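The structure under discussion appears below in the form of structure tokens.
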Amino acid sequence: MHYSKEWYTSWFDSPYYHSLYSHRNHQEAADFVSRLINLIQPSKDAHILDVGCGRGRHAIELYRHGFMVTGIDLSHENIKYAKDKAKNEKASSSLKFMVHDMRKPLDTQFSNVLNLFTSFGYFKDPKDKIRTLESFRTQLVSNGVGVIDFLNPSWVLSNLIKEESIERDGVRFSIQRYKKDKWLYKDIQFQIDEHSYKFQEQVELLEINDFITLFSQVNLQLVDLFGNYQLDAYDKDLSNRQILIFQ
């Protein structure tokens, strides 16, 4: 299957992407992983798939809890960084990272499939959402539990910062955010020496009912829903996340 080159294939591999998001809270990720483990209670011999693992911060935390973990991401640079971090952890074969497209299932089944930190909703072709969820289902063992952690569109749009300027690692990023149709766009511009750069992020504003409809098309079922990383009850207006538990 051939896929055209999309925004995420270049932006996520850019060193400036990691500069812009260098402030991401690793302690928050560690705390969320602990709460998630208490919620879904994987067995001691669980093999967990982290889909869209980025630089591996969630996967490494899962490994630290004693689970076998495989992390996949489309970004070569992310996976290279994650593998280097795994070496620092002196990780055994119980922690693996690989470049892989989430739309294509691996030839392995997992106790749990996790898709965290808004790593869904990037694809313009509606069929790709179905391909991705079919891949999740194929990779889940019978009675396995999956998790999608996604932004809450209502909260995001109510709290949208339309324009801002951020300095990271000596680079001044100019950012504009706006909604068009059912998509949230973020335009990112900056200059390095005499070279100007512009990237754009695009995320589809998927609501709970959208996910329920998508799940029904691939024989998955929403079994629980939470509204933040503390796993509090979901509130459409007040929750900043949609944490969907599915089987």
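Just remember, in the structure tokens the first chain shown is A, the second B, etc., residues are 1-based per chain, and ligands are 1-based in the order shown.
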Among range 48-104 of chain A, which ones does DSSP place in helix (DSSP H, G or I), written as a list in words?
Arg57, His58, Ala59, Ile60, Glu61, Leu62, Tyr63, Arg64, His76, Glu77, Asn78, Ile79, Lys80, Tyr81, Ala82, Lys83, Asp84, Lys85, Ala86, Lys87 and Asn88 of chain A
Restrict the selected residues to C-alpha atoms and save them as a PDB file, in the first residue's frame.
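Output below, filename part_12.pdb:
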ATOM      1  CA  ARG A  57       8.454   8.220  27.199  1.00  0.00           C
ATOM      2  CA  HIS A  58       5.286   6.170  27.854  1.00  0.00           C
ATOM      3  CA  ALA A  59       6.791   2.916  26.554  1.00  0.00           C
ATOM      4  CA  ILE A  60       9.819   3.267  28.831  1.00  0.00           C
ATOM      5  CA  GLU A  61       7.583   3.893  31.837  1.00  0.00           C
ATOM      6  CA  LEU A  62       5.589   0.759  31.001  1.00  0.00           C
ATOM      7  CA  TYR A  63       8.844  -1.183  30.759  1.00  0.00           C
ATOM      8  CA  ARG A  64       9.904   0.157  34.161  1.00  0.00           C
ATOM      9  CA  HIS A  76      12.857   7.555  12.106  1.00  0.00           C
ATOM     10  CA  GLU A  77      14.288  10.242  14.364  1.00  0.00           C
ATOM     11  CA  ASN A  78      11.825   9.444  17.152  1.00  0.00           C
ATOM     12  CA  ILE A  79      12.663   5.746  17.005  1.00  0.00           C
ATOM     13  CA  LYS A  80      16.401   6.427  16.920  1.00  0.00           C
ATOM     14  CA  TYR A  81      16.062   8.561  20.052  1.00  0.00           C
ATOM     15  CA  ALA A  82      13.845   5.963  21.769  1.00  0.00           C
ATOM     16  CA  LYS A  83      16.343   3.187  21.032  1.00  0.00           C
ATOM     17  CA  ASP A  84      19.144   5.287  22.530  1.00  0.00           C
ATOM     18  CA  LYS A  85      17.013   5.853  25.643  1.00  0.00           C
ATOM     19  CA  ALA A  86      16.361   2.118  25.862  1.00  0.00           C
ATOM     20  CA  LYS A  87      20.133   1.528  25.872  1.00  0.00           C
ATOM     21  CA  ASN A  88      20.444   3.977  28.773  1.00  0.00           C
TER      22      ASN A  88
END
Got a sec: who's within 7 Å of range 90-104 of chain A, counting only C-alpha atoms, leaving out chain neighbours fewer than 5 positions off, as an MDAnalysis selection string?
chainID A and resid 51 63 68:76 79 82:83 128 131:132 135
Just the selected residues (all heavy atoms), exported as a CSV table (one decimal), in the first residue's frame, please.
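Ended up saving to part05.csv:
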chain,number,residue,atom,x,y,z
A,51,VAL,N,1.4,2.6,20.2
A,51,VAL,CA,1.3,3.0,18.9
A,51,VAL,C,1.5,4.5,18.7
A,51,VAL,O,0.8,5.3,19.4
A,51,VAL,CB,-0.1,2.6,18.3
A,51,VAL,CG1,-0.3,3.0,16.9
A,51,VAL,CG2,-0.4,1.1,18.4
A,63,TYR,N,7.8,-0.2,30.6
A,63,TYR,CA,8.8,-1.2,30.8
A,63,TYR,C,9.3,-1.2,32.2
A,63,TYR,O,9.6,-2.2,32.8
A,63,TYR,CB,10.0,-0.9,29.8
A,63,TYR,CG,11.2,-1.6,30.1
A,63,TYR,CD1,11.4,-3.0,29.7
A,63,TYR,CD2,12.3,-1.0,30.7
A,63,TYR,CE1,12.6,-3.7,30.0
A,63,TYR,CE2,13.5,-1.7,30.9
A,63,TYR,CZ,13.6,-3.0,30.6
A,63,TYR,OH,14.8,-3.7,30.8
A,68,MET,N,6.6,-6.3,29.1
A,68,MET,CA,7.2,-6.3,27.7
A,68,MET,C,6.5,-5.3,26.9
A,68,MET,O,5.3,-5.3,26.8
A,68,MET,CB,7.0,-7.7,27.1
A,68,MET,CG,7.8,-7.9,25.8
A,68,MET,SD,7.5,-9.6,25.1
A,68,MET,CE,8.2,-10.6,26.4
A,69,VAL,N,7.3,-4.5,26.2
A,69,VAL,CA,6.7,-3.3,25.5
A,69,VAL,C,7.3,-3.2,24.1
A,69,VAL,O,8.6,-3.3,23.9
A,69,VAL,CB,6.9,-2.0,26.2
A,69,VAL,CG1,6.2,-0.9,25.5
A,69,VAL,CG2,6.5,-2.1,27.7
A,70,THR,N,6.5,-3.0,23.1
A,70,THR,CA,6.9,-2.7,21.7
A,70,THR,C,6.4,-1.3,21.4
A,70,THR,O,5.2,-1.0,21.5
A,70,THR,CB,6.4,-3.7,20.7
A,70,THR,OG1,7.0,-5.0,21.0
A,70,THR,CG2,6.8,-3.3,19.3
A,71,GLY,N,7.3,-0.4,21.0
A,71,GLY,CA,6.8,0.9,20.5
A,71,GLY,C,7.0,1.1,19.1
A,71,GLY,O,8.1,0.8,18.5
A,72,ILE,N,6.0,1.6,18.4
A,72,ILE,CA,6.1,1.9,16.9
A,72,ILE,C,5.8,3.4,16.7
A,72,ILE,O,5.0,4.0,17.3
A,72,ILE,CB,5.2,1.0,16.1
A,72,ILE,CG1,3.7,1.2,16.4
A,72,ILE,CG2,5.6,-0.5,16.3
A,72,ILE,CD1,2.7,0.5,15.5
A,73,ASP,N,6.5,3.9,15.7
A,73,ASP,CA,6.3,5.3,15.3
A,73,ASP,C,6.7,5.4,13.8
A,73,ASP,O,7.6,4.7,13.4
A,73,ASP,CB,7.1,6.2,16.2
A,73,ASP,CG,6.6,7.7,16.1
A,73,ASP,OD1,6.9,8.4,15.2
A,73,ASP,OD2,5.8,8.0,17.0
A,74,LEU,N,6.1,6.4,13.1
A,74,LEU,CA,6.5,6.6,11.7
A,74,LEU,C,7.8,7.4,11.6
A,74,LEU,O,8.4,7.4,10.5
A,74,LEU,CB,5.4,7.3,11.0
A,74,LEU,CG,5.2,7.2,9.5
A,74,LEU,CD1,5.0,5.7,9.1
A,74,LEU,CD2,4.0,8.0,9.0
A,75,SER,N,8.2,8.1,12.6
A,75,SER,CA,9.4,9.0,12.6
A,75,SER,C,10.7,8.2,12.9
A,75,SER,O,10.8,7.6,14.0
A,75,SER,CB,9.2,10.1,13.6
A,75,SER,OG,10.4,10.7,13.8
A,76,HIS,N,11.6,8.2,11.9
A,76,HIS,CA,12.9,7.6,12.1
A,76,HIS,C,13.6,8.2,13.2
A,76,HIS,O,14.3,7.5,14.0
A,76,HIS,CB,13.7,7.6,10.8
A,76,HIS,CG,13.1,6.7,9.7
A,76,HIS,ND1,13.6,5.5,9.4
A,76,HIS,CD2,12.1,6.9,8.8
A,76,HIS,CE1,13.0,4.9,8.4
A,76,HIS,NE2,12.0,5.8,8.1
A,79,ILE,N,12.3,7.1,16.7
A,79,ILE,CA,12.7,5.7,17.0
A,79,ILE,C,14.2,5.7,17.3
A,79,ILE,O,14.6,4.9,18.3
A,79,ILE,CB,12.3,4.8,15.9
A,79,ILE,CG1,10.8,4.7,15.7
A,79,ILE,CG2,12.9,3.4,16.1
A,79,ILE,CD1,10.1,4.2,17.0
A,82,ALA,N,14.4,6.9,20.8
A,82,ALA,CA,13.8,6.0,21.8
A,82,ALA,C,14.8,4.8,22.0
A,82,ALA,O,15.0,4.3,23.1
A,82,ALA,CB,12.5,5.5,21.3
A,83,LYS,N,15.4,4.3,20.9
A,83,LYS,CA,16.3,3.2,21.0
A,83,LYS,C,17.6,3.6,21.9
A,83,LYS,O,18.0,2.8,22.7
A,83,LYS,CB,16.8,2.7,19.6
A,83,LYS,CG,15.7,1.9,18.9
A,83,LYS,CD,16.3,1.5,17.5
A,83,LYS,CE,15.3,0.6,16.8
A,83,LYS,NZ,15.8,0.1,15.5
A,128,ASP,N,-8.3,5.7,6.2
A,128,ASP,CA,-7.2,5.5,7.0
A,128,ASP,C,-7.5,5.4,8.5
A,128,ASP,O,-6.8,4.7,9.3
A,128,ASP,CB,-6.1,6.6,6.8
A,128,ASP,CG,-5.3,6.4,5.5
A,128,ASP,OD1,-5.3,5.2,5.0
A,128,ASP,OD2,-4.8,7.4,5.0
A,131,ARG,N,-8.6,1.8,8.7
A,131,ARG,CA,-7.4,1.0,8.6
A,131,ARG,C,-6.7,0.9,10.0
A,131,ARG,O,-6.2,-0.1,10.4
A,131,ARG,CB,-6.5,1.4,7.5
A,131,ARG,CG,-7.0,1.2,6.1
A,131,ARG,CD,-6.0,1.6,5.1
A,131,ARG,NE,-6.5,1.5,3.7
A,131,ARG,CZ,-6.8,2.5,3.0
A,131,ARG,NH1,-6.6,3.8,3.4
A,131,ARG,NH2,-7.2,2.3,1.7
A,132,THR,N,-6.5,2.1,10.6
A,132,THR,CA,-5.8,2.2,11.9
A,132,THR,C,-6.5,1.4,12.9
A,132,THR,O,-5.9,0.6,13.7
A,132,THR,CB,-5.7,3.6,12.3
A,132,THR,OG1,-4.9,4.3,11.3
A,132,THR,CG2,-4.9,3.7,13.6
A,135,SER,N,-6.3,-2.3,12.4
A,135,SER,CA,-5.0,-2.7,12.9
A,135,SER,C,-5.0,-2.9,14.4
A,135,SER,O,-4.4,-3.9,14.9
A,135,SER,CB,-4.0,-1.7,12.4
A,135,SER,OG,-2.7,-2.0,12.9
Contact check, range 155-210 of chain A to range 143-150 of chain A, at most 12 Å, counting only C-alpha atoms, closest pairs as JSON lines:
{"residue": "A:Trp155", "atom": "CA", "partner": "A:Phe150", "partner_atom": "CA", "distance": 11.7}
{"residue": "A:Val156", "atom": "CA", "partner": "A:Phe150", "partner_atom": "CA", "distance": 11.0}
{"residue": "A:Val203", "atom": "CA", "partner": "A:Phe150", "partner_atom": "CA", "distance": 10.1}
{"residue": "A:Glu204", "atom": "CA", "partner": "A:Phe150", "partner_atom": "CA", "distance": 10.4}
{"residue": "A:Leu205", "atom": "CA", "partner": "A:Phe150", "partner_atom": "CA", "distance": 9.5}
{"residue": "A:Leu206", "atom": "CA", "partner": "A:Phe150", "partner_atom": "CA", "distance": 8.5}
{"residue": "A:Glu207", "atom": "CA", "partner": "A:Phe150", "partner_atom": "CA", "distance": 9.3}
{"residue": "A:Ile208", "atom": "CA", "partner": "A:Phe150", "partner_atom": "CA", "distance": 9.9}
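One distance worth recording is that between CA of Phe215 in chain A and CA of Lys124 in chain A, which is 18.0 Å.
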Might you pull out every residue within 9 Å of Leu225 in chain A, with only C-alpha atoms counted and same-chain residues fewer than 3 positions away left off, and present them as a VMD selection string?
chain A and resid 208 222 231 233 to 234 242 to 246
My list of candidates is A:Lys129, A:Lys186, A:Arg55, A:Lys179. Which is closest to Asp210 in chain A when distances are computed with only C-alpha atoms?
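When distances to Asp210 in chain A are compared using only C-alpha atoms, the smallest one comes from A:Lys129.
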Using only C-alpha atoms, which of the listed residues (A:Leu214, A:Ile40, A:Val113, A:Ile192) sits closest to Pro126 in chain A?
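So, comparing all the options, the nearest one is A:Leu214.
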Extract, using only C-alpha atoms, all DNA, RNA and protein residues at most 6 Å from Ile48 in chain A, discarding same-chain residues fewer than 4 positions from it, and format them as a count of residues only.
4
